[in-house]
>>> print(open('structure35.txt').read())   # compact mmCIF, C-alpha atoms
# COMPACT_ATOMS: atom_id res chain seq x y z
CA MET A 6 65.35 104.13 113.81
CA HIS A 7 68.57 102.24 114.50
CA LYS A 8 68.27 100.34 111.17
CA ILE A 9 67.86 103.59 109.22
CA ILE A 10 71.01 105.06 110.72
CA ARG A 11 72.93 101.88 110.10
CA SER A 12 71.85 101.65 106.44
CA SER A 13 72.73 105.31 105.82
CA GLN A 14 76.17 104.70 107.33
CA LYS A 15 76.68 101.75 104.99
CA ALA A 16 75.53 103.83 102.02
CA PHE A 17 77.93 106.62 102.98
CA LEU A 18 80.78 104.15 103.41
CA GLY A 19 80.01 102.58 100.02
CA LEU A 20 79.94 105.98 98.36
CA ALA A 21 83.24 106.94 99.99
CA LEU A 22 84.86 103.72 98.77
CA LEU A 23 83.53 104.28 95.25
CA VAL A 24 84.85 107.85 95.12
CA SER A 25 88.26 106.86 96.47
CA ALA A 26 88.55 103.93 94.05
CA THR A 27 88.30 106.12 90.96
CA SER A 28 91.67 107.25 89.75
CA CYS A 29 92.19 110.57 88.05
CA VAL A 30 95.20 112.41 86.77
CA LYS A 31 95.07 116.07 85.88
CA VAL A 32 97.64 117.34 83.39
CA GLN A 33 98.30 121.07 83.19
CA SER A 34 100.46 122.76 80.62
CA ASN A 35 101.27 126.44 80.71
CA CYS A 36 101.53 126.93 76.95
CA HIS A 37 100.66 125.09 73.78
CA PRO A 38 102.91 124.60 70.77
CA GLN A 39 102.03 126.73 67.79
CA VAL A 40 102.18 123.85 65.33
CA GLN A 41 100.80 120.48 66.36
CA THR A 42 102.19 117.98 63.90
CA PRO A 43 102.03 114.22 64.41
CA ARG A 44 105.36 112.43 64.67
CA ASN A 45 106.25 109.11 63.04
CA SER A 46 107.59 107.65 66.26
CA ASN A 47 105.12 106.94 69.03
CA GLU A 48 107.81 106.74 71.67
CA ILE A 49 108.50 109.82 73.78
CA GLY A 50 111.98 110.07 75.30
CA VAL A 51 112.10 110.81 79.04
CA TYR A 52 115.15 112.54 80.52
CA THR A 53 115.59 113.70 84.12
CA SER A 54 118.11 116.31 82.92
CA GLN A 55 118.75 118.17 79.69
CA PRO A 56 120.20 115.91 76.98
CA THR A 57 123.51 117.16 75.56
CA PHE A 58 123.68 114.86 72.54
CA ARG A 59 121.07 116.81 70.49
CA SER A 60 119.89 120.38 70.28
CA PHE A 61 116.25 120.99 71.11
CA ARG A 62 113.61 123.69 71.51
CA GLU A 63 111.35 123.81 74.57
CA THR A 64 107.66 123.95 73.61
CA VAL A 65 105.44 123.04 76.57
CA LYS A 66 105.77 122.79 80.36
CA TYR A 67 103.71 120.08 82.04
CA GLU A 68 102.59 119.53 85.60
CA ALA A 69 100.48 116.50 86.50
CA ILE A 70 99.15 115.41 89.87
CA GLY A 71 97.63 111.98 90.43
CA SER A 72 95.36 110.74 93.16
CA ASN A 73 95.95 108.69 96.29
CA ILE A 74 95.80 105.42 94.30
CA THR A 75 97.72 106.58 91.21
CA SER A 76 101.33 105.53 90.70
CA PHE A 77 104.14 107.70 89.33
CA GLU A 78 104.21 105.48 86.23
CA ARG A 79 100.56 106.21 85.46
CA VAL A 80 101.01 109.96 85.95
CA LEU A 81 104.10 109.92 83.70
CA GLU A 82 102.20 107.93 81.06
CA ARG A 83 99.45 110.57 81.03
CA VAL A 84 102.04 113.33 80.60
CA LYS A 85 103.68 111.37 77.76
CA ASN A 86 100.30 110.92 76.03
CA GLN A 87 99.59 114.66 76.27
CA ALA A 88 103.10 115.48 75.01
CA ARG A 89 102.57 113.14 72.06
CA ARG A 90 99.31 114.95 71.21
CA ASP A 91 101.11 118.32 71.49
CA GLY A 92 103.77 117.21 69.00
CA CYS A 93 106.68 116.84 71.44
CA GLU A 94 109.47 114.38 70.77
CA ALA A 95 110.80 114.11 74.33
CA LEU A 96 110.32 115.19 77.92
CA VAL A 97 113.32 116.78 79.66
CA ASN A 98 113.96 117.93 83.24
CA VAL A 99 111.40 115.41 84.48
CA ARG A 100 110.87 115.76 88.23
CA PHE A 101 109.00 113.34 90.49
CA SER A 102 107.65 114.54 93.83
CA LYS A 103 104.75 114.16 96.22
CA GLN A 104 102.02 116.81 96.42
CA PRO A 105 100.76 117.08 100.02
CA ILE A 106 96.97 117.15 100.21
CA GLY A 107 95.21 118.10 103.43
CA SER A 108 96.63 118.27 106.89
CA GLY A 109 96.06 116.47 110.12
CA ARG A 110 94.56 113.05 110.56
CA PHE A 111 93.56 112.28 106.96
CA SER A 112 96.37 114.00 105.09
CA SER A 113 97.89 112.33 102.07
CA ALA A 114 100.51 112.89 99.39
CA PHE A 115 99.69 112.48 95.71
CA PRO A 116 102.29 111.68 93.02
CA LYS A 117 103.35 114.73 91.01
CA VAL A 118 105.30 114.88 87.75
CA GLU A 119 106.75 118.04 86.24
CA ALA A 120 108.39 118.04 82.80
CA VAL A 121 109.27 120.18 79.80
CA GLY A 122 108.19 119.01 76.35
CA VAL A 123 110.76 119.54 73.60
CA VAL A 124 111.21 119.18 69.85
CA PHE A 125 114.65 118.22 68.55
CA GLU A 126 116.09 120.67 66.03
CA ASP A 127 118.54 118.43 64.19
>>> encode(input="structure35.txt", output="structure tokens")
Amino acid sequence: MHKIIRSSQKAFLGLALLVSATSCVKVQSNCHPQVQTPRNSNEIGVYTSQPTFRSFRETVKYEAIGSNITSFERVLERVKNQARRDGCEALVNVRFSKQPIGSGRFSSAFPKVEAVGVVFED
């Protein structure tokens, strides 16, 4: 009986480690651009404020939350990939914060990125 309990505890611990080791990032956007055209440049500009050197049109707002093992860089890269697919040329008003998950003994904070996808008009 003691061996059965011990092996089930090990199995549960192994499953918990496997689940926590997988990294996921969920990207949400509240609207989609009407025209999705591929751009020549693969690089997406990232600005923590609104750029004043060019005029632009806001197209998509993004919000992405990582997991407990995801870095801000990985979450931002996922947002940039989605913005590239949506036809955006840059991300403006990029905000980095922590999303609190849970409360009490096993609470955590996941990396969160909010941004606005834009297309330059000039």
>>> residues_around(input="structure35.txt", residues="region 91-103 of chain A", least_positions_apart="2", cutoff="10 Å", atoms="only C-alpha atoms", output="ChimeraX atom specification")
/A:37-56,61-71,77,80-81,84-89,105-106,113-125
>>> write_last_selection(input="structure35.txt", atoms="C-alpha atoms", output="compact mmCIF listing (two decimals), in the coordinates of the input")
# COMPACT_ATOMS: atom_id res chain seq x y z
CA HIS A 37 100.66 125.09 73.78
CA PRO A 38 102.91 124.60 70.77
CA GLN A 39 102.03 126.73 67.79
CA VAL A 40 102.18 123.85 65.33
CA GLN A 41 100.80 120.48 66.36
CA THR A 42 102.19 117.98 63.90
CA PRO A 43 102.03 114.22 64.41
CA ARG A 44 105.36 112.43 64.67
CA ASN A 45 106.25 109.11 63.04
CA SER A 46 107.59 107.65 66.26
CA ASN A 47 105.12 106.94 69.03
CA GLU A 48 107.81 106.74 71.67
CA ILE A 49 108.50 109.82 73.78
CA GLY A 50 111.98 110.07 75.30
CA VAL A 51 112.10 110.81 79.04
CA TYR A 52 115.15 112.54 80.52
CA THR A 53 115.59 113.70 84.12
CA SER A 54 118.11 116.31 82.92
CA GLN A 55 118.75 118.17 79.69
CA PRO A 56 120.20 115.91 76.98
CA PHE A 61 116.25 120.99 71.11
CA ARG A 62 113.61 123.69 71.51
CA GLU A 63 111.35 123.81 74.57
CA THR A 64 107.66 123.95 73.61
CA VAL A 65 105.44 123.04 76.57
CA LYS A 66 105.77 122.79 80.36
CA TYR A 67 103.71 120.08 82.04
CA GLU A 68 102.59 119.53 85.60
CA ALA A 69 100.48 116.50 86.50
CA ILE A 70 99.15 115.41 89.87
CA GLY A 71 97.63 111.98 90.43
CA PHE A 77 104.14 107.70 89.33
CA VAL A 80 101.01 109.96 85.95
CA LEU A 81 104.10 109.92 83.70
CA VAL A 84 102.04 113.33 80.60
CA LYS A 85 103.68 111.37 77.76
CA ASN A 86 100.30 110.92 76.03
CA GLN A 87 99.59 114.66 76.27
CA ALA A 88 103.10 115.48 75.01
CA ARG A 89 102.57 113.14 72.06
CA PRO A 105 100.76 117.08 100.02
CA ILE A 106 96.97 117.15 100.21
CA SER A 113 97.89 112.33 102.07
CA ALA A 114 100.51 112.89 99.39
CA PHE A 115 99.69 112.48 95.71
CA PRO A 116 102.29 111.68 93.02
CA LYS A 117 103.35 114.73 91.01
CA VAL A 118 105.30 114.88 87.75
CA GLU A 119 106.75 118.04 86.24
CA ALA A 120 108.39 118.04 82.80
CA VAL A 121 109.27 120.18 79.80
CA GLY A 122 108.19 119.01 76.35
CA VAL A 123 110.76 119.54 73.60
CA VAL A 124 111.21 119.18 69.85
CA PHE A 125 114.65 118.22 68.55
>>> axis_aligned_box(input="structure35.txt", around="region 68-73 of chain A", padding_each_side="5 Å", output="AutoDock Vina command-line options")
--center_x 99.0 --center_y 114.1 --center_z 90.9 --size_x 17.2 --size_y 20.8 --size_z 20.7
>>> closest_residue(input="structure35.txt", among="A:Ser76, A:Ser60, A:Ser112, A:Gln104", to="Glu126 (chain A)", atoms="only C-alpha atoms")
A:Ser60
